[in-house]
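What follows is the content of coords_33.cif (mmCIF, C-alpha atoms).
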```cif
data_query
#
loop_
_atom_site.label_atom_id
_atom_site.label_comp_id
_atom_site.auth_asym_id
_atom_site.auth_seq_id
_atom_site.Cartn_x
_atom_site.Cartn_y
_atom_site.Cartn_z
CA MET A 166 122.29 83.10 101.80
CA ALA A 167 122.30 84.34 98.23
CA ALA A 168 123.96 87.69 98.91
CA THR A 169 127.54 87.79 97.66
CA SER A 170 128.88 89.40 100.87
CA ARG A 171 128.02 88.77 104.50
CA VAL A 172 128.05 92.47 105.38
CA MET A 173 126.22 95.55 104.12
CA ARG A 174 125.97 99.30 104.52
CA ALA A 175 123.23 100.40 106.89
CA ILE A 176 122.24 103.35 109.06
CA ARG A 177 122.45 102.58 112.76
CA VAL A 178 121.12 104.62 115.69
CA PHE A 179 122.92 104.01 119.00
CA GLU A 180 121.27 106.82 120.98
CA PHE A 181 118.18 108.97 120.59
CA GLY A 182 118.76 112.55 119.47
CA GLY A 183 119.06 114.83 116.44
CA PRO A 184 119.84 113.82 112.87
CA GLU A 185 123.52 113.50 113.79
CA VAL A 186 122.81 110.20 115.62
CA LEU A 187 122.16 108.52 112.24
CA LYS A 188 125.44 106.66 111.68
CA LEU A 189 126.37 105.01 108.37
CA GLN A 190 128.19 101.73 108.95
CA SER A 191 129.65 99.47 106.28
CA ASP A 192 130.17 96.33 108.35
CA VAL A 193 126.62 95.45 109.40
CA LEU A 194 125.81 91.76 109.06
CA ILE A 195 123.25 90.95 106.38
CA PRO A 196 120.28 89.39 108.22
CA VAL A 197 119.04 85.89 107.43
CA PRO A 198 115.28 85.38 106.87
CA LYS A 199 113.57 83.24 109.48
CA GLU A 200 110.24 81.49 109.26
CA ASN A 201 107.65 83.56 107.36
CA GLN A 202 110.21 86.27 106.55
CA VAL A 203 111.81 87.49 103.34
CA LEU A 204 115.13 89.22 102.68
CA ILE A 205 114.93 92.15 100.26
CA LYS A 206 117.76 93.75 98.29
CA VAL A 207 116.77 97.37 98.85
CA HIS A 208 116.70 99.72 95.86
CA ALA A 209 114.89 102.62 97.57
CA CYS A 210 113.44 103.43 100.99
CA GLY A 211 110.89 106.08 101.82
CA VAL A 212 111.54 108.63 104.57
CA ASN A 213 108.56 109.42 106.82
CA PRO A 214 108.20 112.20 109.41
CA VAL A 215 107.43 109.63 112.12
CA GLU A 216 110.94 108.24 111.70
CA THR A 217 112.36 111.58 112.90
CA TYR A 218 110.13 111.49 115.99
CA ILE A 219 111.24 107.93 116.79
CA ARG A 220 114.90 108.85 116.25
CA SER A 221 114.59 111.83 118.61
CA GLY A 222 113.12 109.64 121.37
CA THR A 223 109.94 111.72 121.65
CA TYR A 224 107.59 109.16 120.09
CA ALA A 225 105.41 106.79 122.11
CA ARG A 226 107.04 103.74 120.51
CA LYS A 227 110.77 103.52 121.18
CA PRO A 228 112.77 100.75 119.50
CA ALA A 229 115.53 98.98 121.40
CA LEU A 230 118.93 100.49 120.69
CA PRO A 231 120.78 100.17 118.42
CA TYR A 232 118.36 100.04 115.51
CA THR A 233 118.05 100.83 111.79
CA PRO A 234 115.12 103.12 110.82
CA GLY A 235 112.90 102.71 107.79
CA SER A 236 109.73 100.83 106.87
CA ASP A 237 108.87 101.73 103.24
CA VAL A 238 111.28 99.59 101.26
CA SER A 239 111.12 98.68 97.59
CA GLY A 240 113.45 96.21 95.95
CA VAL A 241 113.92 92.62 94.91
CA ILE A 242 113.49 89.43 96.93
CA GLU A 243 116.96 88.06 97.73
CA GLY A 244 115.87 85.09 99.84
CA VAL A 245 112.88 83.61 101.67
CA GLY A 246 112.47 81.84 104.98
CA GLU A 247 110.56 78.67 105.72
CA HIS A 248 106.86 78.50 104.82
CA VAL A 249 107.02 81.51 102.48
CA THR A 250 105.17 80.59 99.29
CA ALA A 251 103.89 83.95 98.04
CA PHE A 252 107.34 85.23 96.98
CA LYS A 253 110.50 83.89 95.37
CA LYS A 254 113.98 85.20 94.67
CA GLY A 255 113.89 87.92 92.01
CA ASP A 256 110.35 89.18 92.70
CA ARG A 257 109.88 92.97 92.72
CA VAL A 258 108.21 94.02 95.98
CA PHE A 259 107.41 96.89 98.33
CA THR A 260 106.87 96.79 102.08
CA LEU A 261 104.66 98.36 104.69
CA GLU A 262 107.01 97.46 107.54
CA THR A 263 110.43 95.92 108.03
CA VAL A 264 111.90 93.78 110.79
CA SER A 265 115.52 94.91 110.48
CA GLY A 266 115.07 98.47 109.14
CA GLY A 267 114.93 99.89 105.65
CA TYR A 268 117.81 102.39 105.67
CA ALA A 269 120.11 99.57 104.55
CA GLU A 270 121.25 97.62 101.50
CA TYR A 271 119.24 94.60 102.65
CA ALA A 272 116.12 94.45 104.81
CA LEU A 273 114.17 91.68 106.49
CA ALA A 274 110.39 91.87 106.43
CA ALA A 275 107.53 89.64 107.50
CA ALA A 276 106.04 88.08 104.38
CA ASN A 277 102.56 89.40 105.26
CA ARG A 278 103.91 92.99 105.23
CA VAL A 279 105.29 92.61 101.70
CA PHE A 280 103.37 93.17 98.47
CA PRO A 281 104.14 92.73 94.76
CA LEU A 282 105.41 95.87 93.04
CA PRO A 283 103.62 96.24 89.70
CA ASP A 284 105.77 96.73 86.61
CA LYS A 285 104.03 100.09 86.03
CA LEU A 286 105.99 101.58 88.96
CA ASP A 287 109.74 101.99 89.41
CA PHE A 288 111.52 101.34 92.70
CA ARG A 289 111.47 105.03 93.69
CA GLN A 290 107.68 105.02 93.35
CA GLY A 291 107.54 101.69 95.18
CA ALA A 292 109.24 103.31 98.17
CA ALA A 293 106.49 105.95 98.19
CA LEU A 294 103.64 103.45 98.51
CA GLY A 295 103.65 101.83 101.94
CA VAL A 296 103.03 104.17 104.86
CA PRO A 297 101.69 107.14 102.80
CA TYR A 298 99.06 105.29 100.77
CA PHE A 299 98.01 102.85 103.47
CA THR A 300 97.69 105.75 105.94
CA ALA A 301 95.67 107.85 103.48
CA TYR A 302 93.29 104.98 102.70
CA ARG A 303 92.89 104.16 106.39
CA ALA A 304 92.21 107.81 107.28
CA LEU A 305 89.63 108.27 104.52
CA PHE A 306 87.69 105.02 104.67
CA GLN A 307 88.54 102.76 107.59
CA LYS A 308 88.41 105.57 110.15
CA GLY A 309 86.84 108.52 108.31
CA CYS A 310 84.00 106.55 106.66
CA ALA A 311 84.27 108.73 103.54
CA LYS A 312 81.53 108.41 100.93
CA ALA A 313 81.34 109.47 97.30
CA GLY A 314 79.85 112.97 97.05
CA GLU A 315 81.35 114.17 100.33
CA SER A 316 84.03 116.86 100.52
CA VAL A 317 87.51 116.40 101.95
CA LEU A 318 90.14 118.99 102.85
CA VAL A 319 93.68 117.61 102.84
CA HIS A 320 95.61 119.95 105.13
CA GLY A 321 99.21 119.63 103.96
CA ALA A 322 98.45 117.93 100.67
CA SER A 323 101.77 118.15 98.83
CA GLY A 324 103.66 115.56 100.90
CA GLY A 325 103.54 111.79 100.61
CA VAL A 326 100.36 111.12 102.62
CA GLY A 327 98.68 114.27 101.29
CA LEU A 328 99.14 113.42 97.62
CA ALA A 329 98.05 109.86 98.31
CA ALA A 330 94.87 111.16 99.97
CA CYS A 331 94.16 113.49 97.03
CA GLN A 332 94.54 110.71 94.45
CA ILE A 333 92.47 108.18 96.42
CA ALA A 334 89.69 110.63 97.35
CA ARG A 335 89.34 111.94 93.78
CA ALA A 336 89.18 108.41 92.35
CA CYS A 337 86.50 107.49 94.88
CA GLY A 338 84.19 110.38 94.01
CA LEU A 339 84.88 112.96 96.72
CA LYS A 340 85.27 116.71 96.20
CA VAL A 341 88.91 117.33 97.06
CA LEU A 342 90.38 120.52 98.51
CA GLY A 343 94.05 120.71 99.41
CA THR A 344 96.57 123.07 100.99
CA ALA A 345 100.27 123.52 100.30
CA GLY A 346 102.92 126.05 101.28
CA THR A 347 104.27 126.97 97.85
CA GLU A 348 102.97 127.71 94.36
CA GLU A 349 104.75 124.61 93.11
CA GLY A 350 103.13 122.50 95.82
CA MET A 351 99.69 123.84 94.89
CA ASN A 352 100.27 122.92 91.25
CA VAL A 353 101.35 119.42 92.24
CA ILE A 354 98.19 118.76 94.24
CA LEU A 355 95.99 120.13 91.44
CA ARG A 356 97.64 117.66 89.07
CA ASN A 357 97.01 114.83 91.51
CA GLY A 358 93.32 114.96 92.30
CA ALA A 359 92.55 118.23 94.09
CA HIS A 360 89.69 120.28 92.65
CA GLN A 361 90.86 123.40 94.53
CA ALA A 362 94.19 124.35 96.08
CA PHE A 363 94.95 126.90 98.81
CA ASN A 364 98.25 128.29 100.06
CA HIS A 365 98.36 127.82 103.83
CA ARG A 366 100.94 130.62 104.07
CA ASP A 367 98.27 133.08 102.91
CA PRO A 368 96.96 134.78 106.09
CA ASN A 369 93.41 134.64 104.68
CA TYR A 370 93.45 131.06 103.40
CA ILE A 371 90.92 129.82 105.98
CA GLU A 372 88.44 132.42 104.75
CA ARG A 373 89.11 131.37 101.16
CA ILE A 374 88.31 127.76 102.07
CA LYS A 375 85.07 128.90 103.74
CA GLU A 376 84.13 130.82 100.58
CA CYS A 377 84.72 127.66 98.56
CA THR A 378 82.76 125.31 100.81
CA GLY A 379 79.93 127.73 101.60
CA PRO A 380 77.97 127.59 104.87
CA GLY A 381 77.79 123.79 104.72
CA GLY A 382 81.47 123.31 105.54
CA VAL A 383 83.68 120.34 104.72
CA ASP A 384 82.85 116.75 105.65
CA ILE A 385 86.33 115.38 106.32
CA ILE A 386 89.71 116.98 107.05
CA ILE A 387 92.89 114.95 106.69
CA GLU A 388 95.19 116.80 109.10
CA MET A 389 99.00 116.52 108.90
CA LEU A 390 99.85 119.24 111.46
CA SER A 391 97.11 119.15 114.06
CA ASN A 392 99.11 121.03 116.70
CA VAL A 393 98.86 124.10 114.42
CA ASN A 394 95.56 123.60 112.57
CA LEU A 395 93.11 121.68 114.77
CA ASP A 396 91.34 124.71 116.25
CA ALA A 397 90.75 126.20 112.78
CA ASP A 398 89.76 122.78 111.43
CA LEU A 399 86.83 122.60 113.84
CA GLN A 400 85.49 125.87 112.41
CA LEU A 401 85.61 124.46 108.86
CA LEU A 402 83.68 121.26 109.48
CA ALA A 403 80.17 120.48 108.29
CA HIS A 404 77.54 118.94 110.56
CA ALA A 405 78.83 115.51 111.64
CA GLY A 406 82.19 116.38 110.08
CA ARG A 407 85.36 114.68 111.22
CA VAL A 408 89.00 115.65 111.53
CA MET A 409 91.39 112.76 110.93
CA VAL A 410 94.58 113.40 112.89
CA VAL A 411 97.39 111.93 110.80
CA GLY A 412 100.25 114.15 112.01
CA CYS A 413 101.07 116.15 115.13
CA ARG A 414 104.25 117.79 116.44
CA GLY A 415 103.08 119.21 119.75
CA ARG A 416 100.13 120.42 121.83
CA ILE A 417 97.24 122.73 120.96
CA GLU A 418 94.35 124.30 122.86
CA ILE A 419 90.84 123.84 121.47
CA ASN A 420 87.34 124.58 122.71
CA PRO A 421 85.42 121.27 122.95
CA ARG A 422 82.20 123.26 122.52
CA ASP A 423 83.15 123.58 118.84
CA THR A 424 82.58 119.85 118.46
CA MET A 425 79.17 120.03 120.19
CA SER A 426 77.62 122.62 117.89
CA LYS A 427 78.10 120.37 114.84
CA GLU A 428 78.38 116.96 116.54
CA SER A 429 81.78 116.74 114.90
CA SER A 430 84.54 114.25 115.68
CA ILE A 431 88.31 114.30 116.11
CA ILE A 432 89.71 110.89 115.24
CA GLY A 433 93.30 109.75 115.57
CA VAL A 434 94.80 107.59 112.82
CA SER A 435 97.54 105.04 113.49
CA LEU A 436 98.53 102.61 110.79
CA PHE A 437 100.36 100.55 113.42
CA LEU A 438 96.99 99.56 114.92
CA ALA A 439 95.53 98.24 111.65
CA THR A 440 94.43 94.61 111.72
CA GLU A 441 95.62 92.04 109.22
CA GLU A 442 92.23 92.24 107.49
CA GLU A 443 92.42 96.05 107.29
CA ARG A 444 95.92 95.90 105.80
CA ARG A 445 94.72 93.44 103.16
CA GLU A 446 91.79 95.74 102.34
CA CYS A 447 94.21 98.66 101.88
CA ALA A 448 96.55 96.60 99.70
CA THR A 449 93.75 95.38 97.46
CA ALA A 450 92.37 98.89 96.94
CA LEU A 451 95.80 100.35 96.20
CA LEU A 452 96.92 97.62 93.82
CA ASP A 453 93.59 98.04 92.00
CA GLY A 454 94.32 101.78 91.76
CA ILE A 455 97.75 101.13 90.26
CA GLU A 456 96.23 98.76 87.70
CA ALA A 457 93.49 101.27 86.84
CA GLY A 458 96.10 104.00 86.40
CA TRP A 459 94.90 106.61 88.89
CA LEU A 460 97.38 105.72 91.63
CA LYS A 461 100.76 107.19 90.66
CA PRO A 462 103.14 107.92 93.55
CA ILE A 463 104.91 111.27 93.20
CA VAL A 464 108.55 111.18 94.29
CA GLY A 465 110.02 114.40 95.65
CA SER A 466 113.49 114.81 97.12
CA GLU A 467 115.98 111.96 96.65
CA TYR A 468 119.05 111.34 98.81
CA PRO A 469 121.87 108.79 98.85
CA LEU A 470 122.17 106.76 102.06
CA GLU A 471 125.12 108.83 103.29
CA LYS A 472 122.95 111.99 103.20
CA VAL A 473 120.24 110.57 105.47
CA ALA A 474 120.87 113.17 108.21
CA LYS A 475 120.14 115.92 105.68
CA ALA A 476 116.97 114.09 104.65
CA HIS A 477 115.80 114.01 108.29
CA GLU A 478 116.47 117.75 108.62
CA ASP A 479 114.72 118.61 105.39
CA ILE A 480 111.56 116.56 105.97
CA ILE A 481 110.87 118.61 109.12
CA CYS A 482 112.32 122.01 108.19
CA SER A 483 111.85 122.38 104.43
CA SER A 484 109.60 125.18 103.17
CA GLY A 485 107.22 122.92 101.28
CA ALA A 486 106.89 119.28 100.28
CA ARG A 487 106.51 118.20 96.65
CA GLY A 488 106.01 114.48 96.90
CA LYS A 489 107.52 111.59 98.79
CA MET A 490 111.09 111.80 100.08
CA VAL A 491 113.19 108.71 99.32
CA LEU A 492 116.64 107.29 99.97
CA LEU A 493 118.30 105.63 96.97
CA LEU A 494 120.61 102.67 97.49
#
```
Let's see the structure in the file written out as structure tokens.
Amino acid sequence: MAATSRVMRAIRVFEFGGPEVLKLQSDVLIPVPKENQVLIKVHACGVNPVETYIRSGTYARKPALPYTPGSDVSGVIEGVGEHVTAFKKGDRVFTLETVSGGYAEYALAAANRVFPLPDKLDFRQGAALGVPYFTAYRALFQKGCAKAGESVLVHGASGGVGLAACQIARACGLKVLGTAGTEEGMNVILRNGAHQAFNHRDPNYIERIKECTGPGGVDIIIEMLSNVNLDADLQLLAHAGRVMVVGCRGRIEINPRDTMSKESSIIGVSLFLATEEERRECATALLDGIEAGWLKPIVGSEYPLEKVAKAHEDIICSSGARGKMVLLL
């Protein structure tokens, strides 16, 4: 073990509940990498909405208690387990998943969920890559079958996944429309790939989108809050259009007849179900985008580890996102 101490600071969850169940402990044992695992000295960790659902106990997947949240780590390889040849101590990396949890000073990850972090990006940006960009790519292409020349509406475009979707879609030749809840959020999405931006707090914004798309409608909708927007989404779709459900915080009533009139589709997106081949496809596309210069993660709010409960409150309750939320270690 190369770490100078045997213990670390980490967030531990001993019971499901509100943000107050996130407990900072300073005596957590630093894990040791096993076969095909790496140990990462964490510099930053992304915060994703799904982590609040898991913490509350309302998500379909419940980890065994106690656990440390966090999947989107960026940092430096501290040690490697047996049979790991792709990485060595000192390599800059980012992760898509962790074994031991990312809200900690050190994190274990399976070597096949770890990717090199290009020098063009800092660790804060590295923590904004994993779940947001892989999810956006999967929603657009692996599940949404997006093609150059089609139109996409990113509903909730100023957060981590939304900005990722805007950048990827624009680079791949789609017409990009996006919504945000603030003027600042609208400006951010316009700077990151959107051709048109709409304020979803405007009571008439749906009509404004219809005026923009014309009678043809929009081909793909990347939906971050389907329990609020799905019914309206179905009215906005083109023939054979598809809504990609990326986020949902509850139930909604829709009329299935709305899908019949346009032969439209509602498709759920879960990064957790991606195959190894699909993950490699995502990684290749994203690393190519970083090299080409069009993929530039936008970091929003930053919090120290001891303020993680505030981060979990803000990611759900804040008035408008402006990039990816990260914890700094």
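Applied to this file, the PyMOL selection byres ((chain A and resi 406) around 8) selects the residues Val383, Asp384, Ile385, Leu402, Ala403, His404, Ala405, Arg407, Val408, Lys427, Glu428, Ser429 and Ser430 of chain A.
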Can you write out as CSV which residues of range 409-460 of chain A fall within 6 Å of range 389-395 of chain A, alongside each residue's closest atom pair and its distance in Å to one decimal, counting only C-alpha atoms and ordering rows by chain and ascending residue number?
```
residue,atom,partner,partner_atom,distance
A:Val411,CA,A:Met389,CA,5.2
A:Gly412,CA,A:Met389,CA,4.1
A:Cys413,CA,A:Leu390,CA,5.0
A:Gly415,CA,A:Asn392,CA,5.3
A:Arg416,CA,A:Asn392,CA,5.3
A:Ile417,CA,A:Asn392,CA,5.0
```
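This file gives the following result for the PyMOL selection byres ((chain A and resi 235) around 10): Ile176, Cys210, Gly211, Val212, Asn213, Val215, Glu216, Tyr232, Thr233, Pro234, Ser236, Asp237, Val238, Leu261, Glu262, Thr263, Val264, Ser265, Gly266, Gly267, Tyr268, Ala269, Ala272 and Leu492 of chain A.
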Once you count all atoms listed in the file, which residues end up no further than 12 Å from (100.7, 111.0, 89.6) in the file's frame, shown as an NGL selection string?
:A and (285-286 or 290 or 293 or 323 or 325 or 328-333 or 353-359 or 454-455 or 458-465 or 487-489)
Using all atoms listed in the file, which of A:Ile387, A:Ala474, A:Ala448, A:Ala301 sits nearest Arg220 in chain A?
A:Ala474
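Between CA of Ala313 in chain A and CA of Met425 in chain A there is a distance of 25.3 Å.
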Can you give me, as a compact mmCIF listing (two decimals) with C-alpha atoms, keeping the file's coordinate frame, the residues this file yields under the PyMOL selection byres ((chain A and resi 171-174) around 9)?
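Okay, selection28.txt is ready:
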```
# COMPACT_ATOMS: atom_id res chain seq x y z
CA MET A 166 122.29 83.10 101.80
CA ALA A 168 123.96 87.69 98.91
CA THR A 169 127.54 87.79 97.66
CA SER A 170 128.88 89.40 100.87
CA ALA A 175 123.23 100.40 106.89
CA ILE A 176 122.24 103.35 109.06
CA LEU A 189 126.37 105.01 108.37
CA GLN A 190 128.19 101.73 108.95
CA SER A 191 129.65 99.47 106.28
CA ASP A 192 130.17 96.33 108.35
CA VAL A 193 126.62 95.45 109.40
CA LEU A 194 125.81 91.76 109.06
CA ILE A 195 123.25 90.95 106.38
CA PRO A 196 120.28 89.39 108.22
CA TYR A 268 117.81 102.39 105.67
CA ALA A 269 120.11 99.57 104.55
CA GLU A 270 121.25 97.62 101.50
CA TYR A 271 119.24 94.60 102.65
CA LEU A 470 122.17 106.76 102.06
```
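As for CA of Leu399 in chain A and CA of Pro297 in chain A, they are spaced 24.1 Å apart.
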Could you pull the residues within 12 Å of His248 in chain A, counting all atoms listed in the file, minus those fewer than 5 positions along the same chain, as a PyMOL selection string?
chain A and resi 198-203+253+275-277
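Straight-line separation from CA of Leu342 in chain A to CA of Gln361 in chain A: 4.9 Å.
Proximity ranking of A:Ser426, A:Thr378, A:Ala251, A:Leu493 relative to Lys206 in chain A places A:Leu493 first, based on all atoms listed in the file.
Of the listed residues A:Ala229, A:Ile219, A:Val207, A:Ile480, the one whose atoms come nearest to Thr260 in chain A is A:Val207, with distances taken using only C-alpha atoms.
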Contacts of Glu446 in chain A within 10 Å, all atoms listed in the file, excl. fewer than 4 positions in-chain, as a ChimeraX atom specification
/A:299,302-303,307,440-442,450-451
Just want the 9 Å neighbourhood of Glu478 in chain A, counted on only C-alpha atoms, with same-chain residues fewer than 5 positions away dropped. Output as a list in words.
Gly183, Pro184, Thr217, Val473 and Ser483 of chain A
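Proximity to Gly433 in chain A was assessed for A:Lys308, A:Arg366, A:His208, A:Arg226 counting only C-alpha atoms; the smallest distance is recorded for A:Lys308.
Distance check against Lys472 in chain A using all atoms listed in the file: of A:Val491, A:His365, A:Val241, A:Ala457, the minimum falls on A:Val491.
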